[in-house]
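Trainee: Dropping in structure.pdb, which is PDB, C-alpha atoms:
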```pdb
ATOM      1  CA  MET L  11       0.000   0.000   0.000
ATOM      2  CA  SER L  12       1.418   3.389  -1.027
ATOM      3  CA  LYS L  13       2.286   6.161   1.399
ATOM      4  CA  TYR L  14      -0.438   8.233  -0.248
ATOM      5  CA  ALA L  15      -3.046   5.537   0.472
ATOM      6  CA  ILE L  16      -1.931   5.267   4.096
ATOM      7  CA  THR L  17      -2.003   9.052   4.500
ATOM      8  CA  THR L  18      -5.512   9.157   3.035
ATOM      9  CA  GLN L  19      -6.620   6.471   5.481
ATOM     10  CA  ILE L  20      -5.129   8.349   8.423
ATOM     11  CA  VAL L  21      -7.020  11.487   7.441
ATOM     12  CA  ALA L  22     -10.322   9.608   7.107
ATOM     13  CA  PHE L  23      -9.958   7.572  10.296
ATOM     14  CA  SER L  24      -8.857  10.581  12.330
ATOM     15  CA  LYS L  25     -11.859  12.593  11.091
ATOM     16  CA  LEU L  26     -14.089   9.725  12.169
ATOM     17  CA  GLY L  27     -12.247   9.765  15.494
ATOM     18  CA  SER L  28     -12.987  13.452  15.976
ATOM     19  CA  LEU L  29     -16.678  12.834  15.361
ATOM     20  CA  MET L  30     -16.759   9.955  17.839
ATOM     21  CA  ALA L  31     -14.721  11.771  20.493
ATOM     22  CA  ASN L  32     -17.173  14.678  20.360
ATOM     23  CA  PRO L  33     -20.577  13.209  19.407
ATOM     24  CA  ASP L  34     -22.914  15.610  17.595
ATOM     25  CA  ASN L  35     -26.685  15.586  18.061
ATOM     26  CA  ASP L  36     -27.247  12.781  15.519
ATOM     27  CA  LEU L  37     -24.659  10.490  17.089
ATOM     28  CA  THR L  38     -25.903  11.345  20.574
ATOM     29  CA  GLU L  39     -29.400  10.279  19.511
ATOM     30  CA  ILE L  40     -28.018   6.959  18.247
ATOM     31  CA  ILE L  41     -26.116   6.510  21.525
ATOM     32  CA  ASN L  42     -29.246   7.120  23.582
ATOM     33  CA  ASP L  43     -31.344   4.780  21.411
ATOM     34  CA  GLU L  44     -29.082   1.751  21.975
ATOM     35  CA  LEU L  45     -30.826   1.042  25.276
ATOM     36  CA  HIS L  46     -33.955   0.051  23.320
ATOM     37  CA  TYR L  47     -32.070  -2.803  21.638
ATOM     38  CA  ASN L  48     -29.847  -3.950  24.499
ATOM     39  CA  ALA L  49     -30.623  -3.229  28.157
ATOM     40  CA  TRP L  50     -26.922  -3.349  29.035
ATOM     41  CA  PHE L  51     -26.131  -0.548  26.587
ATOM     42  CA  THR L  52     -26.988   2.433  28.775
ATOM     43  CA  PRO L  53     -26.298   5.892  27.300
ATOM     44  CA  ALA L  54     -23.356   6.413  29.668
ATOM     45  CA  ASN L  55     -21.715   3.130  28.711
ATOM     46  CA  VAL L  56     -22.332   3.545  24.986
ATOM     47  CA  LYS L  57     -20.938   7.066  25.061
ATOM     48  CA  LYS L  58     -17.897   5.780  26.957
ATOM     49  CA  ALA L  59     -17.262   3.172  24.242
ATOM     50  CA  VAL L  60     -17.819   5.638  21.394
ATOM     51  CA  THR L  61     -15.595   8.369  22.823
ATOM     52  CA  SER L  62     -12.875   5.864  23.793
ATOM     53  CA  ILE L  63     -12.650   4.723  20.180
ATOM     54  CA  GLY L  64     -12.721   8.348  19.098
ATOM     55  CA  HIS L  65      -9.676   9.150  21.223
ATOM     56  CA  MET L  66      -7.974   5.986  19.946
ATOM     57  CA  LEU L  67      -8.361   7.219  16.335
ATOM     58  CA  ASN L  68      -5.965  10.140  16.590
ATOM     59  CA  SER L  69      -3.554  11.023  13.794
ATOM     60  CA  ALA L  70      -0.362  10.383  15.755
ATOM     61  CA  ASP L  71      -1.368   6.902  16.911
ATOM     62  CA  LEU L  72      -2.785   6.002  13.502
ATOM     63  CA  GLU L  73       0.508   6.935  11.855
ATOM     64  CA  THR L  74       2.546   4.996  14.426
ATOM     65  CA  TRP L  75       0.268   1.991  14.032
ATOM     66  CA  LEU L  76      -0.002   1.848  10.239
ATOM     67  CA  SER L  77       3.683   2.582   9.606
ATOM     68  CA  LYS L  78       4.561  -0.867  10.951
ATOM     69  CA  TYR L  79       2.809  -2.724   8.146
ATOM     70  CA  ASN L  80       2.999  -3.106   4.384
ATOM     71  CA  PRO L  81      -0.394  -4.500   3.350
ATOM     72  CA  LYS L  82      -0.684  -6.052  -0.124
ATOM     73  CA  SER L  83      -4.031  -4.333  -0.818
ATOM     74  CA  SER L  84      -5.202  -7.666  -2.178
ATOM     75  CA  GLY L  85      -8.900  -6.989  -1.611
ATOM     76  CA  LYS L  86      -9.468 -10.379   0.006
ATOM     77  CA  LYS L  87     -12.882 -10.986   1.530
ATOM     78  CA  VAL L  88     -12.506 -11.337   5.291
ATOM     79  CA  GLY L  89     -15.468 -12.681   7.248
ATOM     80  CA  LEU L  90     -15.950 -11.024  10.614
ATOM     81  CA  ILE L  91     -18.159 -12.609  13.250
ATOM     82  CA  LEU L  92     -18.492  -9.877  15.839
ATOM     83  CA  ALA L  93     -19.274 -10.250  19.525
ATOM     84  CA  GLY L  94     -21.943  -8.095  21.168
ATOM     85  CA  ASN L  95     -20.981  -8.055  24.830
ATOM     86  CA  ILE L  96     -20.034  -4.369  24.954
ATOM     87  CA  PRO L  97     -20.769  -1.496  22.555
ATOM     88  CA  LEU L  98     -18.713  -1.494  19.338
ATOM     89  CA  VAL L  99     -16.571  -4.351  20.608
ATOM     90  CA  GLY L 100     -15.948  -5.524  17.030
ATOM     91  CA  PHE L 101     -14.939  -2.126  15.659
ATOM     92  CA  HIS L 102     -11.202  -2.761  15.861
ATOM     93  CA  ASP L 103     -11.462  -5.890  13.695
ATOM     94  CA  VAL L 104     -13.441  -3.937  11.093
ATOM     95  CA  LEU L 105     -10.890  -1.122  11.227
ATOM     96  CA  CYS L 106      -8.030  -3.578  10.670
ATOM     97  CA  VAL L 107      -9.690  -5.115   7.613
ATOM     98  CA  LEU L 108     -10.338  -1.702   6.081
ATOM     99  CA  ALA L 109      -6.836  -0.436   6.925
ATOM    100  CA  SER L 110      -5.238  -3.522   5.343
ATOM    101  CA  GLY L 111      -7.003  -2.940   2.041
ATOM    102  CA  ASN L 112      -9.294  -5.947   2.315
ATOM    103  CA  HIS L 113     -13.090  -6.242   2.206
ATOM    104  CA  ALA L 114     -14.973  -6.829   5.468
ATOM    105  CA  LEU L 115     -17.939  -9.228   5.387
ATOM    106  CA  ILE L 116     -19.509  -8.200   8.680
ATOM    107  CA  LYS L 117     -21.804 -10.516  10.616
ATOM    108  CA  ALA L 118     -22.792  -8.171  13.393
ATOM    109  CA  SER L 119     -24.150  -9.421  16.688
ATOM    110  CA  SER L 120     -27.869  -8.965  17.154
ATOM    111  CA  GLN L 121     -26.932  -7.319  20.455
ATOM    112  CA  ASP L 122     -24.820  -4.632  18.790
ATOM    113  CA  SER L 123     -25.733  -4.070  15.150
ATOM    114  CA  HIS L 124     -27.042  -0.499  14.900
ATOM    115  CA  LEU L 125     -24.095   1.533  16.118
ATOM    116  CA  ILE L 126     -21.458  -0.187  13.962
ATOM    117  CA  LYS L 127     -23.582   0.446  10.860
ATOM    118  CA  TYR L 128     -23.992   4.097  11.723
ATOM    119  CA  VAL L 129     -20.272   4.591  12.367
ATOM    120  CA  LEU L 130     -19.311   3.010   9.042
ATOM    121  CA  GLU L 131     -21.885   5.117   7.225
ATOM    122  CA  LYS L 132     -20.184   8.194   8.690
ATOM    123  CA  LEU L 133     -16.803   6.876   7.504
ATOM    124  CA  VAL L 134     -18.175   6.601   3.950
ATOM    125  CA  GLU L 135     -19.484  10.163   4.199
ATOM    126  CA  ILE L 136     -15.981  11.257   5.167
ATOM    127  CA  ASP L 137     -14.274   9.226   2.425
ATOM    128  CA  ASN L 138     -16.429   7.561  -0.227
ATOM    129  CA  SER L 139     -13.580   5.226  -1.216
ATOM    130  CA  PHE L 140     -14.619   3.024   1.720
ATOM    131  CA  ALA L 141     -18.121   2.500   0.274
ATOM    132  CA  ASN L 142     -17.127  -0.805  -1.340
ATOM    133  CA  SER L 143     -14.825  -1.959   1.448
ATOM    134  CA  PHE L 144     -17.429  -3.622   3.671
ATOM    135  CA  SER L 145     -20.755  -5.466   3.540
ATOM    136  CA  PHE L 146     -23.162  -6.429   6.301
ATOM    137  CA  ILE L 147     -24.308 -10.014   5.890
ATOM    138  CA  GLU L 148     -26.615 -12.514   7.574
ATOM    139  CA  ARG L 149     -24.826 -15.634   6.356
ATOM    140  CA  LEU L 150     -21.063 -15.893   5.978
ATOM    141  CA  GLU L 151     -20.011 -17.327   2.600
ATOM    142  CA  ASN L 152     -17.511 -16.758  -0.219
ATOM    143  CA  PHE L 153     -14.751 -15.626   2.145
ATOM    144  CA  ASP L 154     -10.959 -15.882   1.947
ATOM    145  CA  ALA L 155     -10.248 -15.565   5.681
ATOM    146  CA  VAL L 156     -12.192 -15.320   8.937
ATOM    147  CA  ILE L 157     -11.879 -13.525  12.247
ATOM    148  CA  ALA L 158     -14.470 -14.906  14.676
ATOM    149  CA  THR L 159     -15.075 -13.997  18.285
ATOM    150  CA  GLY L 160     -17.206 -16.145  20.573
ATOM    151  CA  SER L 161     -17.277 -18.408  23.588
ATOM    152  CA  ASN L 162     -15.212 -21.494  24.272
ATOM    153  CA  ASN L 163     -18.161 -23.540  22.990
ATOM    154  CA  THR L 164     -18.705 -21.617  19.753
ATOM    155  CA  SER L 165     -14.970 -21.655  19.038
ATOM    156  CA  ARG L 166     -15.219 -25.402  18.379
ATOM    157  CA  TYR L 167     -17.823 -24.767  15.693
ATOM    158  CA  PHE L 168     -15.734 -21.962  14.261
ATOM    159  CA  ASP L 169     -12.728 -24.307  14.078
ATOM    160  CA  TYR L 170     -14.847 -26.859  12.216
ATOM    161  CA  TYR L 171     -16.395 -24.452   9.700
ATOM    162  CA  PHE L 172     -13.475 -22.095   9.138
ATOM    163  CA  GLY L 173     -10.449 -24.283   9.777
ATOM    164  CA  LYS L 174      -9.575 -24.591   6.066
ATOM    165  CA  VAL L 175      -8.996 -20.872   5.521
ATOM    166  CA  PRO L 176      -6.639 -18.461   7.304
ATOM    167  CA  ASN L 177      -8.357 -17.550  10.542
ATOM    168  CA  ILE L 178      -8.220 -15.946  13.954
ATOM    169  CA  ILE L 179     -10.662 -17.614  16.332
ATOM    170  CA  ARG L 180     -11.042 -16.089  19.764
ATOM    171  CA  LYS L 181     -12.339 -17.821  22.890
ATOM    172  CA  ASN L 182     -13.346 -16.606  26.338
ATOM    173  CA  ARG L 183     -10.803 -14.463  28.118
ATOM    174  CA  ASN L 184     -10.921 -12.330  31.229
ATOM    175  CA  SER L 185      -8.576  -9.854  32.804
ATOM    176  CA  ILE L 186      -6.899  -9.980  36.168
ATOM    177  CA  ALA L 187      -5.528  -7.446  38.652
ATOM    178  CA  VAL L 188      -2.527  -7.970  40.906
ATOM    179  CA  LEU L 189      -2.569  -6.045  44.189
ATOM    180  CA  THR L 190       0.420  -5.745  46.506
ATOM    181  CA  GLY L 191      -1.249  -4.007  49.455
ATOM    182  CA  ASN L 192       0.666  -0.781  48.753
ATOM    183  CA  GLU L 193      -1.941   0.730  46.427
ATOM    184  CA  THR L 194      -3.343   4.182  47.111
ATOM    185  CA  ALA L 195      -7.044   4.916  47.416
ATOM    186  CA  GLU L 196      -6.856   6.636  44.015
ATOM    187  CA  GLN L 197      -5.330   3.569  42.351
ATOM    188  CA  LEU L 198      -7.963   1.267  43.797
ATOM    189  CA  HIS L 199     -10.680   3.703  42.760
ATOM    190  CA  GLU L 200      -9.312   3.587  39.208
ATOM    191  CA  LEU L 201      -9.369  -0.208  39.431
ATOM    192  CA  GLY L 202     -13.121   0.187  39.858
ATOM    193  CA  HIS L 203     -13.298   1.241  36.199
ATOM    194  CA  ASP L 204     -11.547  -1.970  35.189
ATOM    195  CA  ILE L 205     -14.088  -3.952  37.198
ATOM    196  CA  PHE L 206     -17.362  -2.077  36.616
ATOM    197  CA  ASP L 207     -17.145  -0.341  33.234
ATOM    198  CA  TYR L 208     -19.680  -1.953  30.871
ATOM    199  CA  TYR L 209     -20.957  -3.836  33.948
ATOM    200  CA  GLY L 210     -17.961  -6.171  33.768
ATOM    201  CA  LEU L 211     -19.125  -7.760  30.498
ATOM    202  CA  GLY L 212     -15.930  -7.231  28.495
ATOM    203  CA  CYS L 213     -12.917  -9.493  28.139
ATOM    204  CA  ARG L 214     -10.772  -6.569  29.291
ATOM    205  CA  ASN L 215     -12.805  -6.233  32.490
ATOM    206  CA  VAL L 216     -11.117  -7.482  35.648
ATOM    207  CA  SER L 217     -12.919 -10.574  36.921
ATOM    208  CA  LYS L 218     -10.260 -11.763  39.370
ATOM    209  CA  LEU L 219      -7.807 -10.332  41.880
ATOM    210  CA  LEU L 220      -4.484 -11.775  42.933
ATOM    211  CA  VAL L 221      -3.696 -10.523  46.442
ATOM    212  CA  PRO L 222      -0.880 -11.281  48.903
ATOM    213  CA  ASP L 223      -1.485 -13.717  51.733
ATOM    214  CA  GLY L 224      -3.373 -12.015  54.572
ATOM    215  CA  TYR L 225      -4.655  -9.157  52.412
ATOM    216  CA  ASN L 226      -7.311  -7.011  54.120
ATOM    217  CA  PHE L 227     -10.113  -6.051  51.714
ATOM    218  CA  ASN L 228     -11.527  -3.198  53.835
ATOM    219  CA  PHE L 229      -9.442  -0.513  52.107
ATOM    220  CA  PHE L 230     -10.304  -1.969  48.694
ATOM    221  CA  PHE L 231     -14.038  -1.802  49.443
ATOM    222  CA  GLU L 232     -13.747   1.747  50.809
ATOM    223  CA  SER L 233     -11.927   2.862  47.658
ATOM    224  CA  ILE L 234     -14.558   1.535  45.228
ATOM    225  CA  GLU L 235     -17.621   2.688  47.185
ATOM    226  CA  ASP L 236     -18.353   5.417  44.619
ATOM    227  CA  TYR L 237     -19.419   2.729  42.138
ATOM    228  CA  ASN L 238     -22.368   1.653  44.287
ATOM    229  CA  ALA L 239     -24.934   3.104  41.845
ATOM    230  CA  ILE L 240     -24.294   0.127  39.572
ATOM    231  CA  ILE L 241     -26.690  -1.898  41.729
ATOM    232  CA  HIS L 242     -29.594   0.179  40.406
ATOM    233  CA  HIS L 243     -29.323  -1.403  36.967
ATOM    234  CA  HIS L 244     -31.994  -4.093  37.074
ATOM    235  CA  LYS L 245     -30.080  -6.764  35.133
ATOM    236  CA  TYR L 246     -26.913  -6.249  37.185
ATOM    237  CA  ASN L 247     -28.980  -6.288  40.385
ATOM    238  CA  ASN L 248     -30.654  -9.533  39.335
ATOM    239  CA  ASN L 249     -27.246 -11.168  38.897
ATOM    240  CA  TYR L 250     -26.052  -9.800  42.233
ATOM    241  CA  ASP L 251     -29.136 -11.118  44.056
ATOM    242  CA  TYR L 252     -28.955 -14.504  42.351
ATOM    243  CA  ASN L 253     -25.280 -15.130  43.101
ATOM    244  CA  LYS L 254     -25.649 -13.833  46.654
ATOM    245  CA  SER L 255     -28.526 -16.246  47.299
ATOM    246  CA  ILE L 256     -26.498 -19.160  45.915
ATOM    247  CA  TYR L 257     -23.559 -18.358  48.194
ATOM    248  CA  LEU L 258     -25.829 -17.969  51.221
ATOM    249  CA  VAL L 259     -27.720 -21.226  50.570
ATOM    250  CA  ASN L 260     -24.464 -23.111  50.066
ATOM    251  CA  SER L 261     -22.785 -21.377  53.015
ATOM    252  CA  ASP L 262     -19.955 -20.287  50.688
ATOM    253  CA  LYS L 263     -17.620 -17.847  52.371
ATOM    254  CA  HIS L 264     -17.660 -14.486  50.600
ATOM    255  CA  PHE L 265     -17.417 -10.736  51.119
ATOM    256  CA  ASP L 266     -20.326  -8.443  50.240
ATOM    257  CA  ASN L 267     -20.334  -4.641  50.090
ATOM    258  CA  GLY L 268     -23.899  -4.304  48.823
ATOM    259  CA  PHE L 269     -23.106  -4.185  45.104
ATOM    260  CA  LEU L 270     -20.183  -6.575  44.596
ATOM    261  CA  LEU L 271     -19.548 -10.089  45.867
ATOM    262  CA  LEU L 272     -15.946 -11.146  46.481
ATOM    263  CA  LYS L 273     -15.207 -14.875  46.640
ATOM    264  CA  GLN L 274     -12.015 -16.892  46.871
ATOM    265  CA  ASP L 275     -11.846 -19.102  43.783
ATOM    266  CA  ASP L 276      -9.036 -20.396  41.539
ATOM    267  CA  ARG L 277     -11.053 -19.792  38.357
ATOM    268  CA  PHE L 278     -10.565 -16.701  36.203
ATOM    269  CA  THR L 279     -14.109 -16.251  34.891
ATOM    270  CA  SER L 280     -16.389 -14.984  37.634
ATOM    271  CA  PRO L 281     -20.179 -14.615  37.380
ATOM    272  CA  LEU L 282     -21.552 -11.130  36.807
ATOM    273  CA  ALA L 283     -21.514  -8.997  39.986
ATOM    274  CA  VAL L 284     -18.876 -11.344  41.464
ATOM    275  CA  LEU L 285     -15.124 -10.849  41.692
ATOM    276  CA  PHE L 286     -12.968 -13.901  42.343
ATOM    277  CA  TYR L 287      -9.693 -13.676  44.203
ATOM    278  CA  SER L 288      -6.695 -15.889  44.963
ATOM    279  CA  ASN L 289      -3.730 -15.412  47.254
ATOM    280  CA  TYR L 290      -0.079 -15.409  46.284
ATOM    281  CA  ALA L 291       3.011 -15.821  48.433
ATOM    282  CA  ASN L 292       5.287 -13.365  46.586
ATOM    283  CA  ILE L 293       5.495 -11.536  43.247
ATOM    284  CA  LYS L 294       7.233 -14.453  41.536
ATOM    285  CA  ASP L 295       4.373 -16.663  42.670
ATOM    286  CA  ALA L 296       1.877 -14.202  41.166
ATOM    287  CA  GLU L 297       3.815 -14.155  37.890
ATOM    288  CA  ARG L 298       3.831 -17.960  37.831
ATOM    289  CA  ILE L 299       0.055 -18.101  38.315
ATOM    290  CA  ILE L 300      -0.508 -15.631  35.475
ATOM    291  CA  ASN L 301       1.963 -17.118  33.011
ATOM    292  CA  THR L 302       0.698 -20.645  33.620
ATOM    293  CA  GLU L 303      -2.813 -19.516  32.681
ATOM    294  CA  SER L 304      -1.905 -16.793  30.174
ATOM    295  CA  GLU L 305      -4.214 -18.186  27.466
ATOM    296  CA  LYS L 306      -7.203 -17.419  29.701
ATOM    297  CA  ILE L 307      -6.132 -13.832  30.381
ATOM    298  CA  GLN L 308      -6.658 -10.769  28.175
ATOM    299  CA  CYS L 309      -4.648  -8.229  30.170
ATOM    300  CA  VAL L 310      -3.140  -7.755  33.619
ATOM    301  CA  VAL L 311      -3.853  -4.625  35.663
ATOM    302  CA  SER L 312      -1.242  -3.693  38.257
ATOM    303  CA  ALA L 313       1.245  -1.090  39.409
ATOM    304  CA  ALA L 314       3.805  -3.814  40.124
ATOM    305  CA  PRO L 315       6.603  -4.344  37.529
ATOM    306  CA  LEU L 316       5.460  -7.834  36.619
ATOM    307  CA  GLU L 317       7.154 -10.110  34.099
ATOM    308  CA  VAL L 318       4.107 -11.634  32.427
ATOM    309  CA  ASN L 319       3.179 -12.882  28.960
ATOM    310  CA  ASN L 320       0.005 -10.790  28.788
ATOM    311  CA  GLN L 321      -0.386  -7.056  28.271
ATOM    312  CA  LEU L 322       0.298  -5.143  31.503
ATOM    313  CA  VAL L 323      -1.770  -1.980  32.009
ATOM    314  CA  ALA L 324      -2.127   0.652  34.712
ATOM    315  CA  PHE L 325      -5.132   0.881  37.012
ATOM    316  CA  GLY L 326      -8.172   2.235  35.195
ATOM    317  CA  GLN L 327      -6.727   1.602  31.719
ATOM    318  CA  SER L 328      -7.940  -1.893  30.815
ATOM    319  CA  GLN L 329     -10.838  -0.485  28.760
ATOM    320  CA  GLN L 330      -8.642   2.146  27.055
ATOM    321  CA  PRO L 331      -6.601   0.058  24.603
ATOM    322  CA  LYS L 332      -4.356   1.576  21.955
ATOM    323  CA  LEU L 333      -4.639   0.629  18.296
ATOM    324  CA  TRP L 334      -1.797  -1.868  18.707
ATOM    325  CA  ASP L 335      -3.238  -3.567  21.808
ATOM    326  CA  TYR L 336      -4.589  -6.600  19.987
ATOM    327  CA  ALA L 337      -7.089  -9.031  21.470
ATOM    328  CA  ASP L 338      -5.483 -12.278  22.656
ATOM    329  CA  GLY L 339      -2.073 -10.804  21.779
ATOM    330  CA  ILE L 340      -2.550 -11.765  18.102
ATOM    331  CA  ASP L 341      -1.431  -9.067  15.647
ATOM    332  CA  THR L 342      -4.549  -8.759  13.502
ATOM    333  CA  MET L 343      -2.930  -6.347  11.035
ATOM    334  CA  GLU L 344       0.033  -8.654  10.521
ATOM    335  CA  PHE L 345      -2.384 -11.524   9.826
ATOM    336  CA  LEU L 346      -4.388  -9.455   7.331
ATOM    337  CA  SER L 347      -1.334  -7.958   5.656
ATOM    338  CA  LYS L 348      -0.118 -11.413   4.639
ATOM    339  CA  LEU L 349      -3.348 -12.674   3.038
TER     340      LEU L 349
END
```
Let me see the structure of the file written as structure tokens.

Mentor:
Amino acid sequence: MSKYAITTQIVAFSKLGSLMANPDNDLTEIINDELHYNAWFTPANVKKAVTSIGHMLNSADLETWLSKYNPKSSGKKVGLILAGNIPLVGFHDVLCVLASGNHALIKASSQDSHLIKYVLEKLVEIDNSFANSFSFIERLENFDAVIATGSNNTSRYFDYYFGKVPNIIRKNRNSIAVLTGNETAEQLHELGHDIFDYYGLGCRNVSKLLVPDGYNFNFFFESIEDYNAIIHHHKYNNNYDYNKSIYLVNSDKHFDNGFLLLKQDDRFTSPLAVLFYSNYANIKDAERIINTESEKIQCVVSAAPLEVNNQLVAFGQSQQPKLWDYADGIDTMEFLSKL
């Protein structure tokens, strides 16, 4: 792809970024309407997702990102099966296909289909050369490659149906936070964003804590108290009540601050409104736990200088990825550039 083509892309994507970072009345109306299609997509959460992508699409980062690659501009048809757990969660995959000069066959999730269509319509308004670079489809066929995101169960079907073409197939992942006991109230408050943003539904949301032996959770609970309004969302509250009743009936030891349940458990995927935790003896022990299970982890949130295989991010930053922070650590642009 020529320097001119890359420069043109940067201009178009950055203009789209400006629109998303500062939603006008039309986009604001779309943001507010999402709640009618998906009860989890509250205006505040949808706006957070939209503006986060907007800030991600800045000229400097786009240039840094795209300068690493030399796409063939082969126009291959790439099937995209998008998730719908948080607003615009599949946008980055679409962006990569467009940026690599390929054609995106988009199978949007029924939970998140309106916003992605609107955003791409705005991109075409900005630069009409993208008009023939994507198609929304109901059935995936006549494709040269596939990027599919789903659960551990659906990944088996994806492997069966798409295993004969170049593919990226993503399974369940969750994120983890490592606490040392030396965190400030501000850091733990920022951790609340990693836990509660999008109600904890994203793979970059923290679903488990690693804490040192003997850790006292009182300071942690005090520091995240400002997030207590989350309990007023009826679907979140239903999950909180359900899991609390299960733990009480089974006499499972747990902590409860009125809007979050904390339970000791070796697993990485916690139920909604629940945060699992495990103890570690020392930092090397924490690193061992993470690296042994790295395929289950999307990113690690901590202030400690950990040596881990997964992306390490600061408190409050798990839902603010850069363009080059690829899901599952797989370089999507590199994959697409070689088709």

Trainee: Counting all atoms listed in the file, what is within 8 Å of L:Gly212, bar same-chain residues fewer than 6 positions away, as a PDB file with C-alpha atoms, in the frame of the given file?

Mentor:
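Ended up saving to around.pdb:
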```
ATOM      1  CA  ASN L  95     -20.981  -8.055  24.830  1.00  0.00           C
ATOM      2  CA  ILE L  96     -20.034  -4.369  24.954  1.00  0.00           C
ATOM      3  CA  ASN L 184     -10.921 -12.330  31.229  1.00  0.00           C
TER       4      ASN L 184
END
```

Trainee: Translate the PyMOL selection byres ((chain L and resi 323-331) around 8), as applied to the file shown, into an explicit residue set as a ChimeraX atom specification.

Mentor: /L:62,66,197-198,200-204,207,214-215,309-313,321-322,332-335

Trainee: Around (-19.4, -23.8, 11.0) in the file's frame, which residues reach within 12 Å when counting all atoms listed in the file? Return as a PDB file with C-alpha atoms, in the frame of the given file?

Mentor:
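selection_35.pdb, freshly written:
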```
ATOM      1  CA  ILE L  91     -18.159 -12.609  13.250  1.00  0.00           C
ATOM      2  CA  ARG L 149     -24.826 -15.634   6.356  1.00  0.00           C
ATOM      3  CA  LEU L 150     -21.063 -15.893   5.978  1.00  0.00           C
ATOM      4  CA  GLU L 151     -20.011 -17.327   2.600  1.00  0.00           C
ATOM      5  CA  VAL L 156     -12.192 -15.320   8.937  1.00  0.00           C
ATOM      6  CA  ALA L 158     -14.470 -14.906  14.676  1.00  0.00           C
ATOM      7  CA  THR L 164     -18.705 -21.617  19.753  1.00  0.00           C
ATOM      8  CA  SER L 165     -14.970 -21.655  19.038  1.00  0.00           C
ATOM      9  CA  ARG L 166     -15.219 -25.402  18.379  1.00  0.00           C
ATOM     10  CA  TYR L 167     -17.823 -24.767  15.693  1.00  0.00           C
ATOM     11  CA  PHE L 168     -15.734 -21.962  14.261  1.00  0.00           C
ATOM     12  CA  ASP L 169     -12.728 -24.307  14.078  1.00  0.00           C
ATOM     13  CA  TYR L 170     -14.847 -26.859  12.216  1.00  0.00           C
ATOM     14  CA  TYR L 171     -16.395 -24.452   9.700  1.00  0.00           C
ATOM     15  CA  PHE L 172     -13.475 -22.095   9.138  1.00  0.00           C
ATOM     16  CA  GLY L 173     -10.449 -24.283   9.777  1.00  0.00           C
ATOM     17  CA  LYS L 174      -9.575 -24.591   6.066  1.00  0.00           C
ATOM     18  CA  ILE L 179     -10.662 -17.614  16.332  1.00  0.00           C
TER      19      ILE L 179
END
```

Trainee: The PyMOL selection byres ((chain L and resi 229) around 10) - which residues does that actually catch in the file I just gave you? List them as a VMD selection string.

Mentor: chain L and resid 191 193 to 195 198 225 to 228 230 to 234

Trainee: I need the residue nearest L:Arg183 from this list: L:Gln274, L:Ser255, L:Gln308, L:Ser69. Use all atoms listed in the file for the distance.

Mentor: L:Gln308

Trainee: Leaving out L:Gly89 and any residue of its chain fewer than 3 positions from it, which residues lie within 12 Å of it when counting only C-alpha atoms, given as a ChimeraX atom specification?

Mentor: /L:86,92,103-104,107,112-118,144-159,168,172,175-179,346

Trainee: Where does stretch 52-107 of chain L meet stretch 40-43 of chain L within 12 Å, residue by residue, with the nearest atom pair and distance in Å to one decimal for each, counting all atoms listed in the file, listed by chain and rising number, as JSON lines?

Mentor:
```
{"residue": "L:Thr52", "atom": "CA", "partner": "L:Asn42", "partner_atom": "CA", "distance": 7.4}
{"residue": "L:Pro53", "atom": "CA", "partner": "L:Asn42", "partner_atom": "CA", "distance": 4.9}
{"residue": "L:Ala54", "atom": "CA", "partner": "L:Asn42", "partner_atom": "CA", "distance": 8.5}
{"residue": "L:Asn55", "atom": "CA", "partner": "L:Ile41", "partner_atom": "CA", "distance": 9.1}
{"residue": "L:Val56", "atom": "CA", "partner": "L:Ile41", "partner_atom": "CA", "distance": 5.9}
{"residue": "L:Lys57", "atom": "CA", "partner": "L:Ile41", "partner_atom": "CA", "distance": 6.3}
{"residue": "L:Lys58", "atom": "CA", "partner": "L:Ile41", "partner_atom": "CA", "distance": 9.9}
{"residue": "L:Ala59", "atom": "CA", "partner": "L:Ile41", "partner_atom": "CA", "distance": 9.8}
{"residue": "L:Val60", "atom": "CA", "partner": "L:Ile41", "partner_atom": "CA", "distance": 8.3}
{"residue": "L:Thr61", "atom": "CA", "partner": "L:Ile41", "partner_atom": "CA", "distance": 10.8}
{"residue": "L:Pro97", "atom": "CA", "partner": "L:Ile41", "partner_atom": "CA", "distance": 9.7}
{"residue": "L:Leu98", "atom": "CA", "partner": "L:Ile41", "partner_atom": "CA", "distance": 11.1}
```

Trainee: Dump C-alpha atoms for the selected residues as a PDB file, in the frame of the given file?

Mentor:
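Dumped everything to result-v7.pdb:
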```pdb
ATOM      1  CA  THR L  52     -26.988   2.433  28.775  1.00  0.00           C
ATOM      2  CA  PRO L  53     -26.298   5.892  27.300  1.00  0.00           C
ATOM      3  CA  ALA L  54     -23.356   6.413  29.668  1.00  0.00           C
ATOM      4  CA  ASN L  55     -21.715   3.130  28.711  1.00  0.00           C
ATOM      5  CA  VAL L  56     -22.332   3.545  24.986  1.00  0.00           C
ATOM      6  CA  LYS L  57     -20.938   7.066  25.061  1.00  0.00           C
ATOM      7  CA  LYS L  58     -17.897   5.780  26.957  1.00  0.00           C
ATOM      8  CA  ALA L  59     -17.262   3.172  24.242  1.00  0.00           C
ATOM      9  CA  VAL L  60     -17.819   5.638  21.394  1.00  0.00           C
ATOM     10  CA  THR L  61     -15.595   8.369  22.823  1.00  0.00           C
ATOM     11  CA  PRO L  97     -20.769  -1.496  22.555  1.00  0.00           C
ATOM     12  CA  LEU L  98     -18.713  -1.494  19.338  1.00  0.00           C
TER      13      LEU L  98
END
```

Trainee: For L:Ser304, work out the shell of residues within 8 Å, counting only C-alpha atoms and skipping chain neighbours fewer than 3 positions away, then give it as a list in words.

Mentor: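 Contacts, in chain order: Ile300, Asn301, Ile307, Gln308, Asn319 and Asn320 of chain L.
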